[in-house]
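Novice: coords-v7.pdb is the file, holding PDB, C-alpha atoms:
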MODEL        1
ATOM      1  CA  MET A   1     108.568  75.582  94.663  1.00  0.00           C
ATOM      2  CA  ALA A   2     107.431  79.158  95.175  1.00  0.00           C
ATOM      3  CA  ARG A   3     108.330  81.696  92.542  1.00  0.00           C
ATOM      4  CA  LYS A   4     110.305  84.758  93.643  1.00  0.00           C
ATOM      5  CA  ARG A   5     108.282  87.965  93.712  1.00  0.00           C
ATOM      6  CA  ARG A   6     109.038  90.273  90.812  1.00  0.00           C
ATOM      7  CA  ARG A   7     109.476  94.017  91.199  1.00  0.00           C
ATOM      8  CA  PHE A   8     108.736  96.377  88.367  1.00  0.00           C
ATOM      9  CA  SER A   9     110.341  99.765  87.877  1.00  0.00           C
ATOM     10  CA  ALA A  10     108.291 102.926  87.761  1.00  0.00           C
ATOM     11  CA  GLY A  11     109.219 103.396  84.110  1.00  0.00           C
ATOM     12  CA  PHE A  12     107.930  99.948  83.187  1.00  0.00           C
ATOM     13  CA  LYS A  13     104.683 100.528  85.064  1.00  0.00           C
ATOM     14  CA  ALA A  14     104.234 103.877  83.328  1.00  0.00           C
ATOM     15  CA  LYS A  15     104.859 102.330  79.921  1.00  0.00           C
ATOM     16  CA  VAL A  16     102.279  99.591  80.502  1.00  0.00           C
ATOM     17  CA  ALA A  17      99.739 101.996  82.020  1.00  0.00           C
ATOM     18  CA  LEU A  18     100.079 104.442  79.129  1.00  0.00           C
ATOM     19  CA  ALA A  19      99.640 101.625  76.635  1.00  0.00           C
ATOM     20  CA  ALA A  20      96.503 100.548  78.489  1.00  0.00           C
ATOM     21  CA  ALA A  21      95.179 104.107  78.642  1.00  0.00           C
ATOM     22  CA  ARG A  22      95.696 104.511  74.913  1.00  0.00           C
ATOM     23  CA  GLY A  23      93.147 101.769  74.364  1.00  0.00           C
ATOM     24  CA  ASP A  24      94.451 100.439  71.060  1.00  0.00           C
ATOM     25  CA  ARG A  25      94.949  96.966  72.604  1.00  0.00           C
ATOM     26  CA  THR A  26      93.008  94.990  75.171  1.00  0.00           C
ATOM     27  CA  THR A  27      94.351  94.440  78.669  1.00  0.00           C
ATOM     28  CA  ALA A  28      94.785  90.747  77.865  1.00  0.00           C
ATOM     29  CA  GLU A  29      96.972  91.579  74.866  1.00  0.00           C
ATOM     30  CA  LEU A  30      99.040  94.017  76.909  1.00  0.00           C
ATOM     31  CA  ALA A  31      99.405  91.524  79.732  1.00  0.00           C
ATOM     32  CA  ALA A  32     100.685  88.891  77.324  1.00  0.00           C
ATOM     33  CA  LYS A  33     103.042  91.352  75.640  1.00  0.00           C
ATOM     34  CA  TYR A  34     104.615  92.628  78.869  1.00  0.00           C
ATOM     35  CA  GLY A  35     104.381  89.389  80.854  1.00  0.00           C
ATOM     36  CA  VAL A  36     102.196  90.611  83.713  1.00  0.00           C
ATOM     37  CA  HIS A  37      98.720  89.689  84.960  1.00  0.00           C
ATOM     38  CA  THR A  38      95.694  91.447  83.449  1.00  0.00           C
ATOM     39  CA  ASN A  39      94.584  92.663  86.871  1.00  0.00           C
ATOM     40  CA  GLN A  40      97.974  94.327  87.293  1.00  0.00           C
ATOM     41  CA  VAL A  41      97.595  96.152  83.973  1.00  0.00           C
ATOM     42  CA  SER A  42      94.151  97.373  85.028  1.00  0.00           C
ATOM     43  CA  ALA A  43      95.432  98.486  88.439  1.00  0.00           C
ATOM     44  CA  TRP A  44      98.328 100.464  86.918  1.00  0.00           C
ATOM     45  CA  LYS A  45      95.952 102.072  84.424  1.00  0.00           C
ATOM     46  CA  LYS A  46      93.564 103.061  87.218  1.00  0.00           C
ATOM     47  CA  GLN A  47      96.456 104.452  89.269  1.00  0.00           C
ATOM     48  CA  LEU A  48      97.676 106.456  86.276  1.00  0.00           C
ATOM     49  CA  LEU A  49      94.269 107.937  85.543  1.00  0.00           C
ATOM     50  CA  ALA A  50      93.728 108.799  89.217  1.00  0.00           C
ATOM     51  CA  GLY A  51      97.078 110.610  89.434  1.00  0.00           C
ATOM     52  CA  VAL A  52      96.895 112.605  86.206  1.00  0.00           C
ATOM     53  CA  PRO A  53      94.929 115.576  87.650  1.00  0.00           C
ATOM     54  CA  GLU A  54      97.679 116.126  90.231  1.00  0.00           C
ATOM     55  CA  LEU A  55     100.198 116.628  87.425  1.00  0.00           C
ATOM     56  CA  PHE A  56      98.338 119.664  86.195  1.00  0.00           C
ATOM     57  CA  ALA A  57      97.261 121.036  89.573  1.00  0.00           C
ATOM     58  CA  ASP A  58      98.213 124.594  90.407  1.00  0.00           C
ATOM     59  CA  ARG A  59     100.850 124.260  93.105  1.00  0.00           C
ATOM     60  CA  ARG A  60     100.972 127.975  93.912  1.00  0.00           C
ATOM     61  CA  ASP A  61      97.886 127.762  96.149  1.00  0.00           C
ATOM     62  CA  ARG A  62      99.190 124.837  98.182  1.00  0.00           C
ATOM     63  CA  PRO A  63     100.845 125.690 101.524  1.00  0.00           C
ATOM     64  CA  PRO A  64     104.441 124.496 101.860  1.00  0.00           C
ATOM     65  CA  GLU A  65     104.786 121.066 103.422  1.00  0.00           C
ATOM     66  CA  THR A  66     106.721 120.752 106.657  1.00  0.00           C
ATOM     67  CA  SER A  67     108.995 117.814 107.193  1.00  0.00           C
ATOM     68  CA  ALA A  68     108.805 115.495 110.190  1.00  0.00           C
ATOM     69  CA  ASP A  69     112.026 116.940 111.609  1.00  0.00           C
ATOM     70  CA  GLU A  70     110.687 120.459 111.318  1.00  0.00           C
ATOM     71  CA  GLN A  71     107.438 119.469 113.011  1.00  0.00           C
ATOM     72  CA  GLU A  72     109.393 117.836 115.851  1.00  0.00           C
ATOM     73  CA  LEU A  73     111.440 120.999 116.327  1.00  0.00           C
ATOM     74  CA  TYR A  74     108.298 123.138 116.561  1.00  0.00           C
ATOM     75  CA  GLU A  75     106.929 120.796 119.224  1.00  0.00           C
ATOM     76  CA  GLN A  76     110.178 121.043 121.162  1.00  0.00           C
ATOM     77  CA  ILE A  77     110.098 124.854 120.962  1.00  0.00           C
ATOM     78  CA  GLY A  78     106.575 124.831 122.347  1.00  0.00           C
ATOM     79  CA  ARG A  79     107.561 122.600 125.256  1.00  0.00           C
ATOM     80  CA  LEU A  80     110.583 124.762 126.079  1.00  0.00           C
ATOM     81  CA  LYS A  81     108.499 127.939 126.019  1.00  0.00           C
ATOM     82  CA  MET A  82     106.032 126.400 128.443  1.00  0.00           C
ATOM     83  CA  GLU A  83     108.896 125.321 130.691  1.00  0.00           C
ATOM     84  CA  VAL A  84     110.428 128.814 130.704  1.00  0.00           C
ATOM     85  CA  GLU A  85     107.079 130.387 131.583  1.00  0.00           C
ATOM     86  CA  TRP A  86     106.615 127.911 134.430  1.00  0.00           C
ATOM     87  CA  LEU A  87     110.119 128.608 135.768  1.00  0.00           C
ATOM     88  CA  LYS A  88     109.520 132.381 135.632  1.00  0.00           C
ATOM     89  CA  LYS A  89     106.285 131.958 137.570  1.00  0.00           C
ATOM     90  CA  LYS A  90     107.939 129.740 140.204  1.00  0.00           C
ATOM     91  CA  SER A  91     110.946 132.090 140.586  1.00  0.00           C
ATOM     92  CA  LEU A  92     108.585 135.019 141.298  1.00  0.00           C
ATOM     93  CA  GLN A  93     106.900 132.953 144.028  1.00  0.00           C
ATOM     94  CA  LEU A  94     110.247 132.325 145.769  1.00  0.00           C
ATOM     95  CA  ASP A  95     111.006 136.044 146.138  1.00  0.00           C
TER      96      ASP A  95
ENDMDL
END
As C-alpha cells - that is how I would like this structure written.
Specialist:
Amino acid sequence: MARKRRRFSAGFKAKVALAAARGDRTTAELAAKYGVHTNQVSAWKKQLLAGVPELFADRRDRPPETSADEQELYEQIGRLKMEVEWLKKKSLQLD
C-alpha cells in the first residue's frame, strides 16, 4: 500500500537546513534524527544557502513590484485610450 505524502512546514525545513549548514553532523545523521531522506536534507541546505544573499540585499534600489491586477488595469487603460483616439478620428471624418 502506498504511503501518504508528507508535508513539512517551513519552520521544520529551516531547522533542518540550518543544522545541515552548521556542519557539526553529517547529512545521514541529520536525516536519521529528523526522519527525512538524506537527499532532502541536502536540497534544503542548498536552497537555504542560495537564498541567504537575498536576505541581506539592499531593497532600496529595487523598483516596486506591480501586482497582476495592477498590470491588467494598465493594459485596460491603454486599450481605452486607443479606442478614444480612434473614435475622435472617426468623428472628425463624419463632419
Novice: Go ahead and compute the interatomic distance for atom CA of A:Trp44 and atom CA of A:Ala19, in Å to one decimal.
Specialist: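 If I compute the distance from atom CA of A:Trp44 to atom CA of A:Ala19, I get 10.4 Å.
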Novice: With the file shown as input, list the residues that the PyMOL selection byres ((chain A and resi 21-36) around 10) selects, as a PyMOL selection string.
Specialist: chain A and resi 6+8+12+15-20+37-42+44-46+48-49
Novice: Could you write out the selected residues, including C-alpha atoms, as a compact mmCIF listing (two decimals), keeping the file's coordinate frame?
Specialist:
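Saved result, result-v1.txt, follows:
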# COMPACT_ATOMS: atom_id res chain seq x y z
CA ARG A 6 109.04 90.27 90.81
CA PHE A 8 108.74 96.38 88.37
CA PHE A 12 107.93 99.95 83.19
CA LYS A 15 104.86 102.33 79.92
CA VAL A 16 102.28 99.59 80.50
CA ALA A 17 99.74 102.00 82.02
CA LEU A 18 100.08 104.44 79.13
CA ALA A 19 99.64 101.62 76.64
CA ALA A 20 96.50 100.55 78.49
CA HIS A 37 98.72 89.69 84.96
CA THR A 38 95.69 91.45 83.45
CA ASN A 39 94.58 92.66 86.87
CA GLN A 40 97.97 94.33 87.29
CA VAL A 41 97.60 96.15 83.97
CA SER A 42 94.15 97.37 85.03
CA TRP A 44 98.33 100.46 86.92
CA LYS A 45 95.95 102.07 84.42
CA LYS A 46 93.56 103.06 87.22
CA LEU A 48 97.68 106.46 86.28
CA LEU A 49 94.27 107.94 85.54
Novice: Do you have the atom CA of A:Asp61-atom CA of A:Leu73 distance handy?
Specialist: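 Those two atoms sit 25.2 Å apart.
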Novice: If you measure from atom CA of A:Ala50 to atom CA of A:Ala14, what distance in Å do you get, rounded to one decimal?
Specialist: 13.0 Å
